[in-house]
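In what follows, a single structure is set out as C-alpha coordinates and then discussed.
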Amino acid sequence: MRLAALALAASLPAAPPPADSADLVVRIDNLRSAKGLVRLCLTRDPAHFPDCKGDPAARTASLSAAEAGAVRFTHVAPGTYAIAVIHDENGNGKLDTLAMMPREGFGFSKNPAIRFGPPKFGQAQFVVGGQNGEQRIRVRYLL
(Lines give C-alpha, C1' and ligand atoms only; values in the text may rest on other atoms or scores of the structure.)
Protein backbone atom coordinates (compact mmCIF):
# COMPACT_ATOMS: atom_id res chain seq x y z
CA MET A 1 0.00 0.00 0.00
CA ARG A 2 1.00 3.58 -0.52
CA LEU A 3 2.69 5.48 2.31
CA ALA A 4 0.66 8.61 2.92
CA ALA A 5 2.91 11.37 4.21
CA LEU A 6 0.77 13.64 6.30
CA ALA A 7 2.14 16.96 7.48
CA LEU A 8 -0.79 18.80 8.92
CA ALA A 9 -0.10 22.46 9.66
CA ALA A 10 -1.78 22.19 13.07
CA SER A 11 0.40 19.28 14.06
CA LEU A 12 3.77 20.69 13.06
CA PRO A 13 5.86 22.68 15.49
CA ALA A 14 6.01 26.45 14.87
CA ALA A 15 9.77 26.54 15.46
CA PRO A 16 12.34 24.28 13.79
CA PRO A 17 12.05 20.73 15.11
CA PRO A 18 14.45 19.65 17.85
CA ALA A 19 17.57 17.89 16.61
CA ASP A 20 16.53 14.69 18.38
CA SER A 21 13.03 14.53 16.84
CA ALA A 22 12.12 11.53 14.73
CA ASP A 23 9.59 10.37 12.19
CA LEU A 24 7.02 7.80 13.28
CA VAL A 25 5.36 5.56 10.70
CA VAL A 26 2.05 4.00 11.74
CA ARG A 27 1.10 0.99 9.62
CA ILE A 28 -2.60 0.11 9.53
CA ASP A 29 -3.55 -3.57 9.10
CA ASN A 30 -6.84 -5.44 8.77
CA LEU A 31 -9.24 -2.82 7.38
CA ARG A 32 -12.38 -4.65 6.30
CA SER A 33 -13.23 -2.17 3.54
CA ALA A 34 -11.95 0.85 1.65
CA LYS A 35 -15.03 2.87 2.69
CA GLY A 36 -14.81 6.05 4.71
CA LEU A 37 -11.86 7.43 6.62
CA VAL A 38 -9.18 6.21 8.96
CA ARG A 39 -8.61 8.63 11.84
CA LEU A 40 -5.53 8.56 14.07
CA CYS A 41 -4.68 10.30 17.31
CA LEU A 42 -1.13 10.43 18.76
CA THR A 43 -0.85 11.74 22.33
CA ARG A 44 1.60 11.90 25.22
CA ASP A 45 -1.12 12.72 27.76
CA PRO A 46 -2.86 9.78 29.48
CA ALA A 47 -5.75 12.08 30.47
CA HIS A 48 -6.58 12.60 26.78
CA PHE A 49 -6.28 9.01 25.58
CA PRO A 50 -7.85 7.53 23.51
CA ASP A 51 -9.76 10.38 21.83
CA CYS A 52 -7.26 13.28 22.21
CA LYS A 53 -10.11 15.75 22.75
CA GLY A 54 -8.86 18.84 24.53
CA ASP A 55 -5.18 17.91 24.10
CA PRO A 56 -3.48 20.87 22.42
CA ALA A 57 -0.30 18.84 21.86
CA ALA A 58 -2.02 15.85 20.23
CA ARG A 59 -1.16 14.99 16.64
CA THR A 60 -4.05 13.78 14.49
CA ALA A 61 -4.48 12.56 10.95
CA SER A 62 -7.41 11.54 8.75
CA LEU A 63 -7.10 9.84 5.41
CA SER A 64 -9.15 7.82 3.01
CA ALA A 65 -9.47 4.17 4.03
CA ALA A 66 -8.55 3.28 0.45
CA GLU A 67 -5.10 4.83 1.03
CA ALA A 68 -4.62 3.93 4.68
CA GLY A 69 -1.67 1.57 4.46
CA ALA A 70 0.51 3.85 6.55
CA VAL A 71 0.72 7.33 8.01
CA ARG A 72 3.91 9.25 8.76
CA PHE A 73 4.07 11.68 11.67
CA THR A 74 7.13 13.89 11.18
CA HIS A 75 9.28 15.63 13.78
CA VAL A 76 7.96 13.69 16.78
CA ALA A 77 9.72 14.82 19.96
CA PRO A 78 11.18 12.11 22.19
CA GLY A 79 8.77 10.85 24.81
CA THR A 80 6.15 8.27 25.71
CA TYR A 81 3.12 8.16 23.41
CA ALA A 82 -0.01 6.13 22.63
CA ILE A 83 -2.03 5.97 19.41
CA ALA A 84 -5.73 5.34 18.85
CA VAL A 85 -7.18 4.55 15.41
CA ILE A 86 -10.77 4.32 14.21
CA HIS A 87 -12.09 3.20 10.85
CA ASP A 88 -14.88 5.72 10.38
CA GLU A 89 -16.61 3.78 7.60
CA ASN A 90 -19.53 6.20 7.20
CA GLY A 91 -17.37 9.34 7.54
CA ASN A 92 -19.46 10.93 10.31
CA GLY A 93 -16.44 11.86 12.44
CA LYS A 94 -17.03 9.45 15.31
CA LEU A 95 -16.88 5.79 16.30
CA ASP A 96 -20.43 4.50 15.95
CA THR A 97 -21.70 2.12 18.62
CA LEU A 98 -24.66 -0.21 19.18
CA ALA A 99 -25.49 -1.01 22.81
CA MET A 100 -22.12 0.52 23.74
CA MET A 101 -20.22 -1.84 21.41
CA PRO A 102 -18.25 -0.34 18.50
CA ARG A 103 -19.88 -0.89 15.11
CA GLU A 104 -16.79 0.38 13.30
CA GLY A 105 -13.16 -0.66 13.48
CA PHE A 106 -10.70 0.51 16.10
CA GLY A 107 -7.13 -0.17 17.14
CA PHE A 108 -4.37 0.99 19.45
CA SER A 109 -0.61 1.08 19.51
CA LYS A 110 0.95 -2.15 20.78
CA ASN A 111 -2.36 -3.94 19.97
CA PRO A 112 -3.37 -4.58 23.61
CA ALA A 113 -6.06 -7.06 24.56
CA ILE A 114 -9.51 -5.48 24.55
CA ARG A 115 -11.73 -6.22 27.52
CA PHE A 116 -14.49 -3.81 28.54
CA GLY A 117 -13.82 -0.44 26.97
CA PRO A 118 -10.64 0.96 25.50
CA PRO A 119 -7.24 0.12 26.98
CA LYS A 120 -5.50 2.41 29.43
CA PHE A 121 -2.71 4.64 28.16
CA GLY A 122 -0.13 2.38 29.82
CA GLN A 123 -1.30 -0.63 27.82
CA ALA A 124 -0.78 1.18 24.51
CA GLN A 125 2.25 3.30 25.34
CA PHE A 126 5.55 3.17 23.49
CA VAL A 127 8.66 5.31 23.48
CA VAL A 128 9.87 7.55 20.68
CA GLY A 129 13.60 8.22 20.90
CA GLY A 130 15.89 10.14 18.60
CA GLN A 131 15.53 7.55 15.82
CA ASN A 132 12.73 6.98 13.33
CA GLY A 133 10.23 4.42 14.56
CA GLU A 134 7.25 2.35 13.51
CA GLN A 135 4.03 1.13 15.09
CA ARG A 136 1.85 -1.52 13.45
CA ILE A 137 -1.81 -1.33 14.47
CA ARG A 138 -4.31 -4.09 13.74
CA VAL A 139 -7.83 -2.72 13.33
CA ARG A 140 -10.51 -4.84 15.06
CA TYR A 141 -14.23 -5.12 14.44
CA LEU A 142 -16.68 -6.42 17.03
CA LEU A 143 -19.86 -6.20 14.93
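Just so we're on the same page: first chain in the C-alpha coordinates is A, next is B, and so on; residues restart at 1 for each chain, and ligands are numbered from 1 in the order they show up.
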Q.
So that I can see what lies close to Gly91 of chain A, please list as JSON, numbers by chain the residues with an atom at most 9 Å from it, counting only C-alpha atoms and leaving out residues fewer than 5 positions away in the same chain.
A. {"A": [35, 36, 37, 38]}
**Q.** Near-segment 98-101 of chain A list (9 Å; only C-alpha atoms; drop same-chain fewer than 5 positions) as a PyMOL selection string
**A.** chain A and resi 117+142-143
Store the residues picked out above in a file with all heavy atoms, as a tab-separated table (two decimals), in the first residue's frame.
```tsv
chain	number	residue	atom	x	y	z
A	117	GLY	N	-14.25	-1.80	27.24
A	117	GLY	CA	-13.82	-0.44	26.97
A	117	GLY	C	-12.41	-0.39	26.41
A	117	GLY	O	-11.74	-1.41	26.27
A	142	LEU	N	-15.89	-5.57	16.14
A	142	LEU	CA	-16.68	-6.42	17.03
A	142	LEU	C	-18.02	-6.79	16.42
A	142	LEU	O	-18.60	-7.81	16.78
A	142	LEU	CB	-16.89	-5.72	18.38
A	142	LEU	CG	-15.61	-5.38	19.15
A	142	LEU	CD1	-15.96	-4.71	20.48
A	142	LEU	CD2	-14.75	-6.63	19.38
A	143	LEU	N	-18.56	-5.93	15.57
A	143	LEU	CA	-19.86	-6.20	14.93
A	143	LEU	C	-19.71	-6.16	13.43
A	143	LEU	O	-18.89	-5.52	12.88
A	143	LEU	CB	-20.90	-5.17	15.35
A	143	LEU	CG	-21.23	-5.11	16.85
A	143	LEU	CD1	-22.19	-3.97	17.14
A	143	LEU	CD2	-21.82	-6.42	17.31
```
Q) If you measure from atom CA of Ala82 of chain A to atom CA of Val25 of chain A, what distance in Å do you get, rounded to one decimal? A) 13.1 Å
Q) If you run DSSP on the backbone, which residues of chain A are strand (DSSP E), as an MDAnalysis selection string? A) chainID A and resid 3:5 22:29 37:43 59:64 70:76 79:88 97:98 101:102 105:108 126:128 133:138
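For the choices A:Ala47, A:Val128, A:Leu40, A:Ala19, the atom-to-atom distance to Ala70 of chain A is smallest for A:Leu40 when using only C-alpha atoms.
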Q: Find the distance between atom CA of Arg32 of chain A and atom CA of His87 of chain A and write it in Å to one decimal.
A: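 That distance, rounded to one decimal, is 9.1 Å.
Here atom CA of Ser62 of chain A is placed at a distance of 23.3 Å from atom CA of Ile114 of chain A.
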Q: Can you check which residues of chain A DSSP gives as helix (DSSP H, G or I) on the backbone and send them as a PyMOL selection string?
A: chain A and resi 9-11+46-48+65-67+121-124
Q: Would you please work out which residue, of A:Asn90, A:Phe121, A:Thr97, A:Arg138, is nearest to Cys52 of chain A when using only C-alpha atoms?
A: A:Phe121
Q: Compare A:Lys94, A:Arg59, A:Lys53, A:His48 by their minimum atom-to-atom distance to Phe106 of chain A, counting only C-alpha atoms, and give me the closest one.
A: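 Comparing A:Lys94, A:Arg59, A:Lys53, A:His48 against Phe106 of chain A, the winner is A:Lys94.
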(Q) Quick one: residues within 12 Å of Pro119 of chain A, only C-alpha atoms, excluding same-chain residues fewer than 3 positions away - as a ChimeraX atom specification? (A) /A:46,49-51,82-84,106-116,122-125
